[in-house]
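Here is model_5.txt, consisting of compact mmCIF, C-alpha atoms:
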```txt
# COMPACT_ATOMS: atom_id res chain seq x y z
CA MET H 1 3.17 3.31 -22.61
CA ILE H 2 2.51 -0.09 -21.03
CA THR H 3 1.69 -2.70 -23.66
CA PHE H 4 -0.51 -5.68 -22.90
CA SER H 5 2.47 -8.00 -23.44
CA LEU H 6 4.24 -6.14 -20.65
CA LEU H 7 1.12 -6.45 -18.49
CA ALA H 8 1.27 -10.20 -19.03
CA ALA H 9 4.89 -10.22 -17.89
CA LEU H 10 3.95 -8.25 -14.79
CA ALA H 11 1.25 -10.81 -14.04
CA MET H 12 3.88 -13.54 -13.96
CA SER H 13 5.83 -11.75 -11.21
CA ALA H 14 2.86 -10.55 -9.13
CA PRO H 15 2.85 -11.11 -5.35
CA ASP H 16 0.90 -14.17 -4.22
CA ASP H 17 -2.47 -14.05 -2.47
CA ALA H 18 -0.98 -14.15 1.04
CA GLU H 19 1.31 -11.18 0.30
CA GLN H 20 -1.55 -9.18 -1.20
CA GLN H 21 -3.80 -10.05 1.71
CA ARG H 22 -1.27 -8.74 4.22
CA PHE H 23 -0.91 -5.50 2.29
CA TRP H 24 -4.65 -4.90 2.03
CA ASN H 25 -5.30 -5.84 5.64
CA ASP H 26 -2.90 -3.08 6.67
CA TRP H 27 -4.10 -0.57 4.07
CA ASN H 28 -7.78 -1.00 4.84
CA ALA H 29 -7.18 -0.78 8.59
CA LYS H 30 -5.58 2.62 7.99
CA TYR H 31 -7.76 4.07 5.24
CA ARG H 32 -11.14 2.30 5.50
CA SER H 33 -11.71 2.14 9.26
CA PRO H 34 -14.95 3.74 10.54
CA VAL H 35 -13.06 6.94 11.39
CA ALA H 36 -11.37 7.06 7.97
CA VAL H 37 -14.63 6.39 6.09
CA ALA H 38 -16.26 9.26 7.95
CA ARG H 39 -13.50 11.51 6.57
CA LEU H 40 -13.06 10.27 3.01
CA ASP H 41 -10.95 12.45 0.76
CA PRO H 42 -12.73 14.45 -1.99
CA ALA H 43 -11.49 12.20 -4.80
CA THR H 44 -12.84 9.04 -3.14
CA ILE H 45 -16.14 10.78 -2.44
CA ARG H 46 -16.37 11.75 -6.10
CA ARG H 47 -15.70 8.16 -7.23
CA ARG H 48 -18.41 6.94 -4.85
CA ASP H 49 -20.95 9.58 -5.83
CA THR H 50 -20.37 9.03 -9.55
CA ALA H 51 -21.06 5.32 -9.08
CA LEU H 52 -24.24 6.02 -7.15
CA ASP H 53 -25.44 8.67 -9.61
CA TRP H 54 -24.90 6.51 -12.68
CA ILE H 55 -26.52 3.47 -11.05
CA SER H 56 -29.47 5.59 -9.98
CA GLU H 57 -29.88 6.82 -13.58
CA LEU H 58 -30.27 3.21 -14.74
CA GLY H 59 -33.59 3.00 -12.89
CA MET H 60 -33.28 -0.76 -12.38
CA ASP H 61 -35.75 -2.50 -10.07
CA ASN H 62 -33.84 -4.12 -7.17
CA PRO H 63 -30.74 -5.11 -9.17
CA HIS H 64 -28.35 -7.79 -7.95
CA ILE H 65 -25.07 -5.91 -7.37
CA LEU H 66 -21.53 -7.21 -6.92
CA ASP H 67 -19.03 -4.94 -5.14
CA VAL H 68 -15.56 -6.19 -6.15
CA GLY H 69 -12.79 -5.17 -3.77
CA CYS H 70 -15.40 -4.14 -1.23
CA SER H 71 -12.89 -3.53 1.59
CA THR H 72 -14.79 -2.91 4.84
CA GLY H 73 -18.10 -2.58 3.01
CA TRP H 74 -18.08 1.22 3.01
CA LEU H 75 -19.44 1.39 -0.57
CA SER H 76 -21.50 -1.80 -0.35
CA ALA H 77 -23.67 -0.13 2.29
CA GLN H 78 -24.38 2.76 -0.09
CA LEU H 79 -25.10 0.44 -3.02
CA ALA H 80 -27.65 -1.42 -0.90
CA ARG H 81 -29.98 1.55 -1.36
CA TYR H 82 -30.54 0.35 -4.92
CA GLY H 83 -30.66 -3.43 -4.66
CA GLU H 84 -29.29 -6.64 -3.16
CA VAL H 85 -25.51 -6.38 -2.71
CA PHE H 86 -22.81 -9.01 -2.44
CA GLY H 87 -19.25 -7.93 -1.60
CA THR H 88 -15.94 -9.70 -2.09
CA ASP H 89 -12.37 -8.79 -1.16
CA ILE H 90 -9.02 -10.55 -0.72
CA SER H 91 -8.55 -8.90 2.70
CA ASP H 92 -9.85 -11.28 5.37
CA ALA H 93 -9.62 -8.70 8.17
CA SER H 94 -11.68 -6.25 6.10
CA ILE H 95 -14.33 -8.84 5.35
CA ARG H 96 -14.67 -9.65 9.05
CA GLU H 97 -15.16 -5.96 9.76
CA ALA H 98 -17.65 -5.60 6.90
CA ARG H 99 -19.74 -8.47 8.26
CA GLU H 100 -19.83 -6.88 11.69
CA ARG H 101 -20.71 -3.42 10.43
CA TYR H 102 -23.25 -4.46 7.78
CA PRO H 103 -24.85 -7.78 8.79
CA HIS H 104 -27.64 -7.29 6.24
CA ILE H 105 -25.11 -7.64 3.38
CA GLU H 106 -23.37 -10.85 2.33
CA PHE H 107 -19.57 -10.72 2.09
CA GLU H 108 -16.95 -13.26 1.04
CA CYS H 109 -13.17 -13.23 1.39
CA ALA H 110 -11.69 -14.45 -1.88
CA ASN H 111 -9.42 -13.71 -4.80
CA PHE H 112 -11.98 -12.46 -7.32
CA LEU H 113 -10.27 -14.17 -10.25
CA LYS H 114 -10.36 -17.56 -8.52
CA ALA H 115 -13.59 -17.44 -6.51
CA ASP H 116 -16.61 -19.56 -7.43
CA LEU H 117 -19.25 -16.88 -6.93
CA LYS H 118 -22.46 -18.84 -6.84
CA GLN H 119 -24.32 -15.63 -5.96
CA GLY H 120 -24.21 -14.58 -9.62
CA PRO H 121 -25.16 -13.70 -12.24
CA PHE H 122 -25.35 -10.01 -11.43
CA ASP H 123 -27.12 -7.02 -12.94
CA ILE H 124 -24.38 -4.58 -11.90
CA VAL H 125 -20.72 -5.02 -10.99
CA VAL H 126 -18.90 -2.18 -9.22
CA ALA H 127 -15.10 -2.04 -9.07
CA VAL H 128 -13.74 1.11 -7.43
CA ASP H 129 -9.93 1.30 -7.25
CA VAL H 130 -9.54 -2.38 -8.14
CA LEU H 131 -8.47 -2.63 -11.80
CA SER H 132 -5.03 -1.17 -11.06
CA CYS H 133 -4.58 -3.71 -8.25
CA VAL H 134 -4.87 -6.88 -10.34
CA SER H 135 -2.00 -8.28 -12.38
CA ASP H 136 -4.11 -9.68 -15.24
CA GLN H 137 -6.47 -6.90 -16.21
CA ARG H 138 -7.88 -8.65 -19.29
CA GLU H 139 -8.80 -11.66 -17.19
CA PHE H 140 -10.35 -9.35 -14.62
CA ILE H 141 -12.61 -7.70 -17.21
CA GLU H 142 -13.51 -11.05 -18.73
CA ARG H 143 -14.42 -12.39 -15.28
CA ILE H 144 -16.74 -9.43 -14.78
CA ARG H 145 -18.30 -10.06 -18.19
CA GLN H 146 -18.93 -13.70 -17.32
CA LEU H 147 -20.64 -12.78 -14.05
CA LEU H 148 -22.95 -10.21 -15.60
CA ARG H 149 -26.34 -11.00 -17.05
CA PRO H 150 -26.73 -10.04 -20.73
CA GLY H 151 -27.28 -6.31 -20.79
CA GLY H 152 -25.83 -5.90 -17.28
CA PHE H 153 -23.59 -3.00 -16.31
CA VAL H 154 -20.12 -2.51 -14.87
CA TYR H 155 -18.84 0.64 -13.16
CA ILE H 156 -15.07 0.99 -12.99
CA ALA H 157 -13.09 3.76 -11.31
CA THR H 158 -9.32 3.48 -11.62
CA PRO H 159 -6.24 5.74 -11.47
CA ASN H 160 -5.43 7.74 -14.60
CA ARG H 161 -1.80 6.97 -15.37
CA PHE H 162 -1.28 10.24 -17.24
CA VAL H 163 -2.09 12.16 -14.05
CA TYR H 164 -0.62 9.84 -11.43
CA GLU H 165 2.79 9.90 -13.12
CA ARG H 166 2.68 13.69 -12.78
CA ARG H 167 1.73 13.87 -9.10
CA ASP H 168 4.08 14.65 -6.21
CA ASP H 169 2.03 13.01 -3.47
CA VAL H 170 1.80 9.33 -4.47
CA SER H 171 3.05 6.87 -1.88
CA PRO H 172 5.70 4.32 -2.89
CA GLN H 173 4.39 0.94 -3.97
CA GLY H 174 4.03 -1.30 -0.92
CA ASP H 175 5.19 -4.87 -0.37
CA GLY H 176 2.49 -7.18 -1.65
CA GLN H 177 0.82 -4.42 -3.67
CA VAL H 178 0.03 -4.74 -7.36
CA ARG H 179 0.06 -1.34 -9.05
CA ILE H 180 -0.71 -1.08 -12.77
CA TRP H 181 -2.08 2.31 -13.74
CA ASN H 182 -3.84 2.82 -17.07
CA TYR H 183 -4.25 5.52 -19.66
CA PRO H 184 -7.88 6.20 -20.66
CA HIS H 185 -7.46 4.55 -24.07
CA GLU H 186 -6.17 1.39 -22.38
CA VAL H 187 -9.30 1.14 -20.26
CA ARG H 188 -11.40 1.55 -23.39
CA GLY H 189 -9.34 -1.17 -25.04
CA LEU H 190 -9.95 -3.59 -22.17
CA LEU H 191 -13.69 -3.15 -22.56
CA GLU H 192 -13.83 -3.42 -26.34
CA GLY H 193 -15.48 -6.53 -27.68
CA GLY H 194 -17.59 -7.45 -24.68
CA PHE H 195 -19.08 -4.11 -23.66
CA ILE H 196 -20.72 -0.95 -24.95
CA ILE H 197 -19.44 2.14 -23.15
CA ARG H 198 -22.29 4.30 -21.87
CA HIS H 199 -20.35 6.88 -19.82
CA PHE H 200 -16.64 7.62 -19.92
CA THR H 201 -14.87 10.51 -18.20
CA THR H 202 -12.14 11.40 -15.74
CA LEU H 203 -12.72 12.83 -12.28
CA VAL H 204 -10.98 15.45 -10.10
CA PRO H 205 -8.22 17.27 -12.03
CA ASP H 206 -4.81 16.94 -10.39
CA GLY H 207 -1.12 16.75 -11.15
CA HIS H 208 1.94 18.85 -10.31
CA ARG H 209 4.57 17.99 -12.94
CA GLY H 210 5.15 18.68 -16.61
CA ILE H 211 2.22 20.13 -18.52
CA LEU H 212 -0.04 19.61 -15.51
CA ARG H 213 2.05 22.01 -13.46
CA THR H 214 0.90 24.72 -15.84
CA VAL H 215 -2.64 23.47 -16.39
CA ASN H 216 -3.30 23.25 -12.67
CA SER H 217 -1.39 26.35 -11.58
CA ALA H 218 -3.26 28.56 -9.13
CA ARG H 219 -2.60 31.68 -11.20
CA ILE H 220 -4.12 30.29 -14.40
CA ASN H 221 -7.04 28.70 -12.61
CA ASN H 222 -7.87 31.85 -10.69
CA VAL H 223 -8.21 33.71 -13.99
CA LEU H 224 -10.30 30.98 -15.62
CA ASN H 225 -12.52 30.58 -12.57
CA ARG H 226 -13.19 34.31 -12.50
CA PHE H 227 -14.43 34.37 -16.10
CA VAL H 228 -16.24 31.04 -16.57
CA GLY H 229 -16.59 29.60 -13.06
CA GLU H 230 -14.72 26.84 -11.23
CA PRO H 231 -17.23 24.03 -12.01
CA VAL H 232 -17.00 24.73 -15.75
CA VAL H 233 -13.21 24.70 -15.66
CA GLU H 234 -13.11 21.46 -13.66
CA ARG H 235 -15.55 19.64 -15.94
CA ALA H 236 -13.66 20.78 -19.03
CA LYS H 237 -10.43 19.34 -17.64
CA GLU H 238 -12.19 16.10 -16.78
CA ARG H 239 -13.53 15.75 -20.32
CA LEU H 240 -10.01 16.38 -21.65
CA GLY H 241 -8.74 13.40 -19.62
CA LEU H 242 -6.96 15.40 -16.91
CA GLY H 243 -8.82 13.98 -13.92
CA GLN H 244 -6.92 11.70 -11.56
CA THR H 245 -9.55 8.94 -11.85
CA ILE H 246 -10.90 7.24 -14.97
CA ALA H 247 -14.59 6.49 -14.50
CA VAL H 248 -16.60 4.35 -16.89
CA LEU H 249 -20.02 2.76 -17.03
CA ALA H 250 -20.25 0.00 -19.63
CA GLN H 251 -23.00 -2.41 -20.61
CA LYS H 252 -22.40 -6.05 -21.45
CA LYS H 253 -23.20 -6.84 -25.05
CA THR H 254 -25.90 -9.40 -25.63
CA GLN H 255 -23.87 -10.87 -28.48
CA PRO H 256 -20.05 -11.15 -28.73
CA ALA H 257 -18.55 -8.31 -30.76
CA THR H 258 -17.08 -9.09 -34.17
CA ASP H 259 -15.20 -5.85 -34.70
CA GLY H 260 -14.27 -4.70 -31.20
CA ALA H 261 -16.19 -1.45 -31.66
CA SER H 262 -17.56 0.53 -28.76
CA THR H 263 -19.26 3.86 -28.28
CA GLY H 264 -19.12 6.38 -25.52
CA SER H 265 -18.97 9.96 -24.43
```

Could you write out this file's structure as structure tokens?
Amino acid sequence: MITFSLLAALAMSAPDDAEQQRFWNDWNAKYRSPVAVARLDPATIRRRDTALDWISELGMDNPHILDVGCSTGWLSAQLARYGEVFGTDISDASIREARERYPHIEFECANFLKADLKQGPFDIVVAVDVLSCVSDQREFIERIRQLLRPGGFVYIATPNRFVYERRDDVSPQGDGQVRIWNYPHEVRGLLEGGFIIRHFTTLVPDGHRGILRTVNSARINNVLNRFVGEPVVERAKERLGLGQTIAVLAQKKTQPATDGASTGS
């Protein structure tokens, strides 16, 4: 289990902004080009749709939304259905592409932890696949809290370490890439104090090693699906924390917490 003291040590040895920018320029060109976005994998689609569903449920009137790690603006464009969107990313090539593809949305190339975002405060902050890519996760969450209006919301989707460590198809960590996966309880711990958790689940069961080799075996799942149905089986696994993505919607507390308590389901 990664302790927060170890996370602090990792932050000290993290690649600099230029190294991270080169990595994300290359990654986004490969995986977030127009062709790639038109063919998003099921797990990414589920992360996107969960964000949109939960934001829609809030019923907010034209909220001011920040898309952190917006890449080429592929999610920003979807979020713009609900309110005014501002996107930020460390990848300069991706921001140039986002501006060309979505001129009605404002984008800025910056390191989120260092940027002076005068566009805030925000009603909603969205961070899909970003938490695991920053070296100081506590600072990242605190930065989000500072940028939110009292009572504002944050949606986070991030890799579930329990599952990712038991997958056979994860690419090696790239040069310039920060990769710090979390267990579900660690994500809850990061949000304690400043937020109330409104939704908390995992998405898209996966994993090929250890206990997950059995849990996700075709033979067992065929039997379960026959008796209770595939959607029921999948949702049960997600509630048990066996989805590859941790997804959470949390609301900023109007007053600082005194006991670090949070609620959720």

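One finds CA of Ser76 (chain H) at 13.2 Å from CA of Glu100 (chain H).
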
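Shortest separation to Val154 (chain H) among H:Val204, H:Val125, H:Ala110, H:Val35 occurs at residue H:Val125, atoms counted being all atoms listed in the file.
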
Self-check item: Separation of CA of Cys109 (chain H) from CA of Phe153 (chain H), in Å and rounded to one decimal
Solution: 22.9 Å

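Going from CA of Pro34 (chain H) over to CA of Ser94 (chain H), you cover 11.4 Å.
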
Self-check item: 10 Å contact set for Gln255 (chain H), only C-alpha atoms, chain neighbours under 6 positions out, as a VMD selection string
Solution: chain H and resid 150 to 151 193 to 195

Self-check item: Contact residues around Glu165 (chain H) with only C-alpha atoms at 9 Å, ignoring same-chain residues under 4 positions, as a PyMOL selection string
Solution: chain H and resi 160-161+170+207+209

Please produce a file of the residues just selected, as a compact mmCIF listing (two decimals), in the coordinates of the input, where the atoms kept are C-alpha atoms.
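Result file is result32.txt:
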```txt
# COMPACT_ATOMS: atom_id res chain seq x y z
CA ASN H 160 -5.43 7.74 -14.60
CA ARG H 161 -1.80 6.97 -15.37
CA VAL H 170 1.80 9.33 -4.47
CA GLY H 207 -1.12 16.75 -11.15
CA ARG H 209 4.57 17.99 -12.94
```

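You can rank H:Thr72, H:Val187, H:Leu52, H:Gln119 by their closest distance to Glu84 (chain H) using only C-alpha atoms, and at the top of that list sits H:Gln119.
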
Compile a residue-level contact table for region 120-233 of chain H against region 38-50 of chain H at a cut-off of 9 Å, reporting for every qualifying residue the shortest atom pair and its distance in Å to one decimal, with all atoms listed in the file counted, rows ordered by chain and ascending number, as CSV.
```
residue,atom,partner,partner_atom,distance
H:Val128,CA,H:Arg47,CA,7.3
H:Asp129,CA,H:Arg47,CA,9.0
H:Ala157,CA,H:Arg47,CA,6.5
H:Leu203,CA,H:Arg46,CA,7.3
H:Val204,CA,H:Ala43,CA,6.2
```

Quiz item: Using all atoms listed in the file, which of H:Ala93, H:Leu79, H:Val68, H:Ala14 sits nearest Trp27 (chain H)?
Solution: H:Ala93

Quiz item: Excluding same-chain residues fewer than 5 positions from Glu230 (chain H), what lies within 12 Å of it counting all atoms listed in the file, as an NGL selection string?
Solution: :H and (205 or 218 or 220-225 or 235-237)

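Nearest to Gly174 (chain H) of all the residues H:Ala250, H:Ala29, H:Tyr82, H:Cys133 is H:Cys133, based on all atoms listed in the file.
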
Quiz item: In terms of the shortest atom-to-atom distance over all atoms listed in the file, which of H:Trp181, H:Tyr155, H:Tyr164, H:Phe86 is closest to Leu58 (chain H)?
Solution: H:Tyr155

Quiz item: Hey, what's within 6 Å of Thr202 (chain H) if we count only C-alpha atoms and toss same-chain stuff fewer than 3 positions away? As a PyMOL selection string, please?
Solution: chain H and resi 238+241+243+245-247

Practice problem: Please tell me which residues are no farther than 12 Å from (-8.0, 2.5, -23.0) in the file, counting all atoms listed in the file, and write them as JSON, numbers by chain. | Solution: {"H": [1, 2, 3, 4, 137, 138, 158, 160, 161, 162, 181, 182, 183, 184, 185, 186, 187, 188, 189, 190, 191, 192, 197, 200, 201, 241, 246, 247, 248, 262]}

Quiz item: Within 10 Å of Asn111 (chain H), counting only C-alpha atoms, which residues qualify if same-chain residues fewer than 3 places away don't, as an MDAnalysis selection string?
Solution: chainID H and resid 17 20:21 68:69 88:91 108 114:116 134

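Ranking H:Ile105, H:Leu66, H:Val85, H:Glu97 by their shortest atom-to-atom distance to Ala127 (chain H), with only C-alpha atoms included, puts H:Leu66 first.
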